[in-house]
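Peer 1: My file is data.tsv. It has TSV, C-alpha atoms:
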```tsv
chain	number	residue	atom	x	y	z
A	107	LEU	CA	111.60	114.74	80.79
A	108	VAL	CA	113.85	112.38	82.70
A	109	VAL	CA	117.09	113.19	84.50
A	110	THR	CA	119.83	111.21	82.75
A	111	LYS	CA	122.98	113.18	83.52
A	112	LEU	CA	123.71	115.34	86.53
A	113	VAL	CA	125.97	118.35	86.90
A	114	ALA	CA	128.49	117.72	89.69
A	115	GLU	CA	127.07	120.29	92.10
A	116	LEU	CA	123.59	118.75	91.81
A	117	SER	CA	124.59	115.13	92.36
A	118	ASP	CA	123.41	114.80	95.94
A	119	ASP	CA	120.38	113.03	97.38
A	120	ARG	CA	117.93	115.66	96.15
A	121	ILE	CA	118.08	114.83	92.43
A	122	LYS	CA	119.01	111.40	91.07
A	123	ASP	CA	119.37	109.74	87.68
A	124	GLY	CA	115.94	108.51	86.61
A	125	ASP	CA	114.00	111.27	88.40
A	126	TYR	CA	111.21	112.95	86.49
A	127	ILE	CA	111.41	116.67	85.72
A	128	LEU	CA	107.78	117.66	86.16
A	129	CYS	CA	107.92	121.43	85.79
A	130	VAL	CA	110.51	124.03	84.73
A	131	ASN	CA	109.88	127.73	85.33
A	132	ASN	CA	106.14	127.07	85.71
A	133	THR	CA	105.72	125.12	82.47
A	134	ARG	CA	104.86	121.43	82.18
A	135	ASN	CA	105.17	121.18	78.38
A	136	ALA	CA	108.09	118.83	77.62
A	137	GLU	CA	109.34	120.72	74.56
A	138	GLU	CA	109.19	124.06	76.36
A	139	MET	CA	110.97	122.59	79.41
A	140	LYS	CA	113.70	121.20	77.15
A	141	ASP	CA	114.18	124.59	75.48
A	142	ILE	CA	114.35	126.39	78.84
A	143	LEU	CA	116.92	123.91	80.20
A	144	GLU	CA	119.08	124.31	77.08
A	145	GLN	CA	118.93	128.12	77.10
A	146	GLN	CA	119.00	129.18	80.74
A	147	ARG	CA	121.69	128.67	83.36
A	148	GLN	CA	119.36	129.05	86.35
A	149	VAL	CA	115.85	127.59	86.53
A	150	ASP	CA	113.16	126.64	89.02
A	151	MET	CA	112.33	122.93	88.72
A	152	LEU	CA	109.86	120.56	90.25
A	153	VAL	CA	111.48	117.10	90.29
A	154	GLY	CA	109.87	113.87	91.46
A	155	HIS	CA	111.41	110.55	92.38
A	156	PRO	CA	109.78	107.71	90.42
A	157	TYR	CA	107.60	105.00	91.88
A	158	VAL	CA	109.51	101.82	90.92
A	159	PHE	CA	108.07	98.32	91.19
A	160	THR	CA	108.66	94.84	89.79
A	161	THR	CA	105.96	92.52	88.55
A	162	ALA	CA	106.08	89.06	86.98
A	163	VAL	CA	103.61	88.35	84.20
A	164	PRO	CA	102.88	84.67	83.49
A	165	THR	CA	101.87	84.60	79.84
A	166	GLY	CA	100.21	81.18	79.79
A	167	GLY	CA	100.50	81.19	76.01
A	168	LEU	CA	98.80	84.59	75.69
A	169	ARG	CA	100.36	87.67	74.14
A	170	LEU	CA	101.66	90.12	76.73
A	171	GLY	CA	98.82	92.41	75.69
A	172	MET	CA	100.40	95.81	75.78
A	173	GLU	CA	102.00	98.12	73.28
A	174	VAL	CA	105.70	98.67	74.03
A	175	ARG	CA	107.53	101.57	72.40
A	176	HIS	CA	110.98	103.09	72.59
A	177	LEU	CA	112.98	106.01	71.29
A	178	LEU	CA	116.20	105.29	69.44
A	179	SER	CA	118.06	107.57	71.85
A	180	GLY	CA	116.09	106.44	74.91
A	181	LEU	CA	117.06	104.53	78.01
A	182	ALA	CA	113.78	102.74	78.60
A	183	LEU	CA	110.79	101.15	76.95
A	184	PHE	CA	107.42	102.87	77.24
A	185	VAL	CA	104.02	101.28	77.79
A	186	GLY	CA	101.43	102.41	75.25
A	187	GLU	CA	97.98	100.88	75.16
A	188	VAL	CA	97.22	98.01	77.57
A	189	GLU	CA	94.78	95.46	76.14
A	190	ARG	CA	92.07	93.89	78.29
A	191	ASP	CA	92.56	90.39	76.90
A	192	GLY	CA	96.33	90.01	77.19
A	193	ALA	CA	98.50	88.23	79.74
A	194	ALA	CA	99.28	91.46	81.63
A	195	ALA	CA	95.59	92.16	82.29
A	196	ALA	CA	94.86	88.51	83.10
A	197	ALA	CA	97.68	88.53	85.67
A	198	GLY	CA	96.32	91.73	87.24
A	199	ALA	CA	99.53	93.61	86.45
A	200	ASP	CA	99.21	97.36	87.01
A	201	PHE	CA	100.68	98.69	83.76
A	202	ARG	CA	99.56	102.13	82.63
A	203	PRO	CA	100.17	104.08	79.44
A	204	GLY	CA	103.31	106.17	79.93
A	205	ASP	CA	104.99	103.80	82.38
A	206	ARG	CA	108.70	103.27	81.70
A	207	ILE	CA	109.99	99.70	81.57
A	208	ILE	CA	113.55	99.88	82.89
A	209	GLY	CA	114.25	96.16	83.20
A	210	VAL	CA	113.10	92.78	81.91
A	211	ASP	CA	114.46	89.58	83.43
A	212	ARG	CA	117.46	91.49	84.88
A	213	ARG	CA	118.30	93.03	81.50
A	214	THR	CA	118.38	96.80	81.18
A	215	SER	CA	119.44	97.73	77.63
A	216	ILE	CA	116.67	98.48	75.16
A	217	ALA	CA	117.94	95.84	72.72
A	218	ASP	CA	118.10	93.14	75.41
A	219	MET	CA	114.69	94.02	76.86
A	220	MET	CA	113.07	94.02	73.41
A	221	ALA	CA	114.66	90.65	72.62
A	222	VAL	CA	113.70	88.87	75.85
A	223	LEU	CA	110.21	90.33	76.35
A	224	PRO	CA	108.40	88.26	73.68
A	225	MET	CA	110.45	85.12	74.45
A	226	SER	CA	109.92	84.85	78.21
A	227	ASP	CA	107.10	82.67	79.60
A	228	GLU	CA	106.96	84.82	82.75
A	229	PRO	CA	108.87	88.04	82.25
A	230	GLU	CA	109.87	89.90	85.40
A	231	ILE	CA	109.32	93.54	84.47
A	232	VAL	CA	110.69	96.54	86.38
A	233	VAL	CA	108.52	99.62	85.93
A	234	SER	CA	109.24	103.28	86.70
A	235	ARG	CA	106.15	105.47	87.01
A	236	VAL	CA	105.76	109.23	87.16
A	237	PRO	CA	105.17	110.24	90.76
A	238	VAL	CA	101.74	111.48	91.69
A	239	LEU	CA	101.85	114.93	93.26
A	240	VAL	CA	99.10	116.19	95.50
A	241	PHE	CA	98.91	119.91	96.19
A	242	LEU	CA	96.92	120.87	99.27
```
Go through the file and emit its structure as structure tokens.
Peer 2:
Amino acid sequence: LVVTKLVAELSDDRIKDGDYILCVNNTRNAEEMKDILEQQRQVDMLVGHPYVFTTAVPTGGLRLGMEVRHLLSGLALFVGEVERDGAAAAAGADFRPGDRIIGVDRRTSIADMMAVLPMSDEPEIVVSRVPVLVFL
């Protein structure tokens, strides 16, 4: 789950738009978390700020080499499978399944990103990745 809208009393530096909701009331199942958030007024949440980075991928005539998906109601593109013989792999780009693409060549709407991605010779891609949590 991704934070997309904040309640006024939560809109401080602790939780921000684009953060990942990692756990709600001790569950990590996305459907269960969604149900809990819709039904309960008070919850315990584990929220993580995303790791965001930008990478340029020179295509050199190759296909980008990764599956890109999106939800009709979504705010980002999602990386599916990353192929070993595509431009992304050849450029050493660190794309992983599940990464969110939140910008391509300074465009941020899904329609614009989907339109420019296959047309750009060296797309500059902004990626948001789920934070890695380490419990000691």
Peer 1: What is the distance between atom CA of Leu183 of chain A and atom CA of Asn132 of chain A, in Å to one decimal?
Peer 2: 27.8 Å
Peer 1: What does the structure give for the distance between atom CA of Ala199 of chain A and atom CA of Val232 of chain A, in Å to one decimal?
Peer 2: 11.5 Å
Peer 1: Quick one: everything within 8 Å of Leu152 of chain A, counting all atoms listed in the file, minus sequence neighbours fewer than 2 positions away in the same chain. Send it as a ChimeraX atom specification.
Peer 2: /A:127-130,150,154
Peer 1: Go ahead and write the residues just picked, C-alpha atoms, as a PDB file, in the frame of the given file.
Peer 2:
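File written: out.pdb
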```pdb
ATOM      1  CA  ILE A 127     111.410 116.670  85.720  1.00  0.00           C
ATOM      2  CA  LEU A 128     107.780 117.660  86.160  1.00  0.00           C
ATOM      3  CA  CYS A 129     107.920 121.430  85.790  1.00  0.00           C
ATOM      4  CA  VAL A 130     110.510 124.030  84.730  1.00  0.00           C
ATOM      5  CA  ASP A 150     113.160 126.640  89.020  1.00  0.00           C
ATOM      6  CA  GLY A 154     109.870 113.870  91.460  1.00  0.00           C
TER       7      GLY A 154
END
```
Peer 1: Compare A:Arg213, A:Leu223, A:Glu137, A:Ser179 by their minimum atom-to-atom distance to Val163 of chain A, counting all atoms listed in the file, and give me the closest one.
Peer 2: A:Leu223
Peer 1: Can you tell me, as AutoDock Vina command-line options, the centre and edge lengths (Å, one decimal) of the axis-aligned box enclosing all of segment 188-194 of chain A's listed atoms after padding each side by 4 Å?
Peer 2:
```
--center_x 95.7 --center_y 93.1 --center_z 78.9 --size_x 15.2 --size_y 17.8 --size_z 13.5
```
Peer 1: Can you tell me which residues surround His155 of chain A at a distance of at most 9 Å, considering only C-alpha atoms, apart from same-chain residues fewer than 5 positions away, and format the answer as a list in words?
Peer 2: Ile121, Lys122, Gly124, Asp125, Tyr126, Val236 and Pro237 of chain A
Peer 1: Just want the 8 Å neighbourhood of Glu189 of chain A, counted on all atoms listed in the file, with same-chain residues fewer than 2 positions away dropped. Output as a list in words.
Peer 2: Gly171, Met172, Glu187, Asp191, Gly192 and Ala195 of chain A
Peer 1: For the contact check between segment 183-230 of chain A and segment 167-170 of chain A, emit one row per residue of segment 183-230 of chain A within 8 Å, containing the shortest atom pair and the distance in Å rounded to one decimal, counting only C-alpha atoms, chain then rising number order, as a Markdown table.
Peer 2:
```
| residue | atom | partner | partner_atom | distance |
| --- | --- | --- | --- | --- |
| A:Gly192 | CA | A:Leu170 | CA | 5.4 |
| A:Ala193 | CA | A:Leu170 | CA | 4.8 |
| A:Ala194 | CA | A:Leu170 | CA | 5.6 |
| A:Pro224 | CA | A:Leu170 | CA | 7.6 |
| A:Asp227 | CA | A:Gly167 | CA | 7.7 |
```
Peer 1: Env of Gly186 of chain A: 12 Å cut, atoms = all atoms listed in the file, seq-sep filter 2 positions within chain, self excluded. Answer as an MDAnalysis selection string.
Peer 2: chainID A and resid 171:176 183:184 188:189 201:207
Peer 1: Nearest to Val210 of chain A among A:Phe159, A:Met151, A:Arg190, A:Gly180, with distances taken over all atoms listed in the file: which residue is it?
Peer 2: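 Closest candidate: A:Phe159.
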